[in-house]
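Coordinates from target_0.pdb are shown below (PDB, C-alpha atoms).
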ATOM      1  CA  MET A   2      13.858  19.801 -71.262
ATOM      2  CA  THR A   3      10.707  18.283 -72.783
ATOM      3  CA  PRO A   4      10.595  16.723 -76.269
ATOM      4  CA  THR A   5       8.563  19.661 -77.629
ATOM      5  CA  SER A   6      11.130  22.252 -76.538
ATOM      6  CA  PRO A   7      12.826  24.173 -79.331
ATOM      7  CA  ALA A   8      16.571  23.622 -79.551
ATOM      8  CA  GLY A   9      18.469  25.747 -77.067
ATOM      9  CA  LEU A  10      15.632  26.245 -74.569
ATOM     10  CA  GLY A  11      17.527  25.941 -71.304
ATOM     11  CA  GLU A  12      16.702  24.923 -67.773
ATOM     12  CA  GLU A  13      16.401  28.554 -66.631
ATOM     13  CA  ILE A  14      13.679  29.313 -69.179
ATOM     14  CA  GLU A  15      11.887  26.037 -68.419
ATOM     15  CA  GLY A  16      12.014  26.965 -64.725
ATOM     16  CA  ARG A  17      10.632  30.432 -65.375
ATOM     17  CA  ILE A  18       7.800  29.014 -67.471
ATOM     18  CA  ALA A  19       6.933  26.609 -64.649
ATOM     19  CA  GLU A  20       7.073  29.521 -62.185
ATOM     20  CA  LEU A  21       4.771  31.625 -64.394
ATOM     21  CA  LEU A  22       2.253  28.797 -64.613
ATOM     22  CA  GLU A  23       2.387  28.434 -60.836
ATOM     23  CA  LEU A  24       1.932  32.189 -60.267
ATOM     24  CA  THR A  25      -1.102  32.305 -62.574
ATOM     25  CA  GLY A  26      -2.718  29.432 -60.712
ATOM     26  CA  ALA A  27      -2.861  27.204 -63.785
ATOM     27  CA  ARG A  28      -3.787  23.713 -62.633
ATOM     28  CA  ALA A  29      -5.277  21.954 -65.665
ATOM     29  CA  ASN A  30      -3.554  21.414 -69.005
ATOM     30  CA  ARG A  31      -0.202  22.738 -67.780
ATOM     31  CA  ASP A  32       1.663  20.865 -70.515
ATOM     32  CA  LEU A  33      -0.517  22.506 -73.174
ATOM     33  CA  LEU A  34      -0.164  25.949 -71.588
ATOM     34  CA  ARG A  35       3.609  25.463 -71.435
ATOM     35  CA  ASP A  36       3.732  24.583 -75.133
ATOM     36  CA  ILE A  37       1.621  27.646 -75.997
ATOM     37  CA  LEU A  38       4.004  29.885 -74.080
ATOM     38  CA  VAL A  39       7.054  28.359 -75.745
ATOM     39  CA  THR A  40       5.773  28.320 -79.316
ATOM     40  CA  GLY A  41       4.129  31.750 -79.000
ATOM     41  CA  SER A  42       7.362  33.395 -77.949
ATOM     42  CA  PRO A  43       9.102  35.413 -80.701
ATOM     43  CA  SER A  44      12.446  34.133 -79.430
ATOM     44  CA  ALA A  45      11.427  30.456 -79.650
ATOM     45  CA  GLY A  46      13.180  28.972 -82.635
ATOM     46  CA  SER A  47      13.474  30.755 -85.944
ATOM     47  CA  MET A  48       9.969  32.102 -86.500
ATOM     48  CA  SER A  49       9.482  35.018 -88.858
ATOM     49  CA  ALA A  50       7.590  38.125 -87.775
ATOM     50  CA  GLY A  51       4.627  37.005 -89.882
ATOM     51  CA  SER A  52       4.336  33.645 -88.201
ATOM     52  CA  THR A  53       4.560  35.286 -84.769
ATOM     53  CA  SER A  54       1.690  37.588 -85.711
ATOM     54  CA  ASP A  55      -0.332  34.645 -87.035
ATOM     55  CA  ARG A  56       0.240  32.737 -83.810
ATOM     56  CA  GLY A  57      -0.861  35.755 -81.806
ATOM     57  CA  LEU A  58      -4.090  35.930 -83.772
ATOM     58  CA  ALA A  59      -4.646  32.202 -83.290
ATOM     59  CA  LEU A  60      -4.128  32.555 -79.524
ATOM     60  CA  ASP A  61      -6.632  35.424 -79.450
ATOM     61  CA  GLU A  62      -9.157  33.242 -81.268
ATOM     62  CA  MET A  63      -8.544  30.384 -78.844
ATOM     63  CA  GLU A  64      -9.055  32.705 -75.868
ATOM     64  CA  ARG A  65     -12.393  33.900 -77.272
ATOM     65  CA  ALA A  66     -13.438  30.303 -77.943
ATOM     66  CA  PHE A  67     -12.562  29.198 -74.405
ATOM     67  CA  ALA A  68     -14.621  32.093 -73.017
ATOM     68  CA  LEU A  69     -17.547  31.324 -75.317
ATOM     69  CA  PHE A  70     -17.654  27.626 -74.473
ATOM     70  CA  ALA A  71     -16.882  27.927 -70.733
ATOM     71  CA  ARG A  72     -20.570  27.575 -69.838
ATOM     72  CA  TYR A  73     -20.683  24.271 -71.755
ATOM     73  CA  ARG A  74     -17.940  22.642 -69.674
ATOM     74  CA  GLY A  75     -18.561  18.920 -69.431
ATOM     75  CA  ILE A  76     -20.354  18.727 -72.778
ATOM     76  CA  PRO A  77     -18.234  17.101 -75.517
ATOM     77  CA  LYS A  78     -17.236  19.427 -78.340
ATOM     78  CA  LEU A  79     -15.508  19.018 -81.679
ATOM     79  CA  THR A  80     -12.983  21.517 -83.015
ATOM     80  CA  MET A  81     -12.033  21.489 -86.668
ATOM     81  CA  PHE A  82      -9.099  23.521 -87.946
ATOM     82  CA  GLY A  83      -8.940  24.520 -91.553
ATOM     83  CA  SER A  84      -8.912  27.412 -93.912
ATOM     84  CA  ALA A  85     -11.599  29.982 -94.517
ATOM     85  CA  ARG A  86     -10.215  30.201 -98.039
ATOM     86  CA  THR A  87     -11.209  26.652 -99.022
ATOM     87  CA  ALA A  88     -13.608  26.871-101.946
ATOM     88  CA  VAL A  89     -17.044  25.290-101.580
ATOM     89  CA  SER A  90     -16.234  23.286-104.723
ATOM     90  CA  ASP A  91     -13.105  21.765-103.112
ATOM     91  CA  PRO A  92     -13.569  18.074-102.160
ATOM     92  CA  LEU A  93     -11.948  18.841 -98.786
ATOM     93  CA  TYR A  94     -14.762  21.299 -98.056
ATOM     94  CA  ALA A  95     -17.319  18.547 -98.590
ATOM     95  CA  GLN A  96     -15.305  16.150 -96.440
ATOM     96  CA  ALA A  97     -15.118  18.667 -93.574
ATOM     97  CA  SER A  98     -18.846  19.385 -93.867
ATOM     98  CA  ASP A  99     -19.669  15.669 -93.785
ATOM     99  CA  LEU A 100     -17.514  15.191 -90.695
ATOM    100  CA  ALA A 101     -19.167  18.127 -88.930
ATOM    101  CA  ARG A 102     -22.629  16.741 -89.665
ATOM    102  CA  ALA A 103     -21.612  13.271 -88.461
ATOM    103  CA  TRP A 104     -20.652  14.500 -84.962
ATOM    104  CA  PRO A 105     -23.349  13.197 -82.614
ATOM    105  CA  THR A 106     -24.986  16.152 -80.891
ATOM    106  CA  ARG A 107     -26.845  14.269 -78.179
ATOM    107  CA  THR A 108     -24.670  11.380 -77.061
ATOM    108  CA  GLY A 109     -21.315  13.129 -77.289
ATOM    109  CA  SER A 110     -19.581   9.975 -78.515
ATOM    110  CA  TRP A 111     -19.028   8.280 -81.856
TER
END

Using the file provided, produce a representation of the structure as structure tokens.
Amino acid sequence: MTPTSPAGLGEEIEGRIAELLELTGARANRDLLRDILVTGSPSAGSMSAGSTSDRGLALDEMERAFALFARYRGIPKLTMFGSARTAVSDPLYAQASDLARAWPTRTGSW
């Protein structure tokens, strides 16, 4: 069992997850894909129905983002997570905007 496994996730489930990843041909980021499968499962831990739905929406958004940016593979990108409900007057909004503007668009490094 890996450190990120929810309590009670047994060897059989871990084995099936590994088998699923193998069957899908996943080669890169297997640890990340494994964590997505575990945390996105309604039976993983004590998630409420609302949080499961929210996670499903987040996974859908990630899938669309991966498809959108696939043609830019090899070009550094920055992802910022936050809330669409943050008011423009909130100091955190300004901080996030400043960070986004500071990301170098040509060199790809800080």

Original post:
For the atom pair CA of Ser90 in chain A and CA of Met63 in chain A, what is the interatomic distance in Å to one decimal place?
Top reply: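 Between these atoms lies a distance of 27.9 Å.
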
Original post:
Using only C-alpha atoms, which residues sit within 10 Å of range 81-85 of chain A once same-chain residues fewer than 2 positions away are excluded, as a list in words?
Top reply: Leu79, Thr87, Ala88, Leu93, Tyr94, Ala97, Leu100 and Ala101 of chain A

Where is the centre and how long are the edges: axis-aligned box on range 24-30 of chain A, 6 Å on each side, Å to one decimal, as lines of an AutoDock Vina configuration file:
center_x = -1.7
center_y = 26.9
center_z = -64.6
size_x = 19.2
size_y = 22.9
size_z = 20.7

Original post:
Quick one, how far is CA of Leu60 in chain A from CA of Thr80 in chain A?
Top reply: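 Pair CA of Leu60 in chain A / CA of Thr80 in chain A returns 14.6 Å.
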
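The two atoms in question, CA of Asn30 in chain A and CA of Arg102 in chain A, are spaced 28.5 Å apart.
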
Subject >> Contacts of range 11-20 of chain A at 8 Å (all atoms listed in the file; same-chain gap of 3+ positions) as a PyMOL selection string >> reply: chain A and resi 2+23-24+35+38
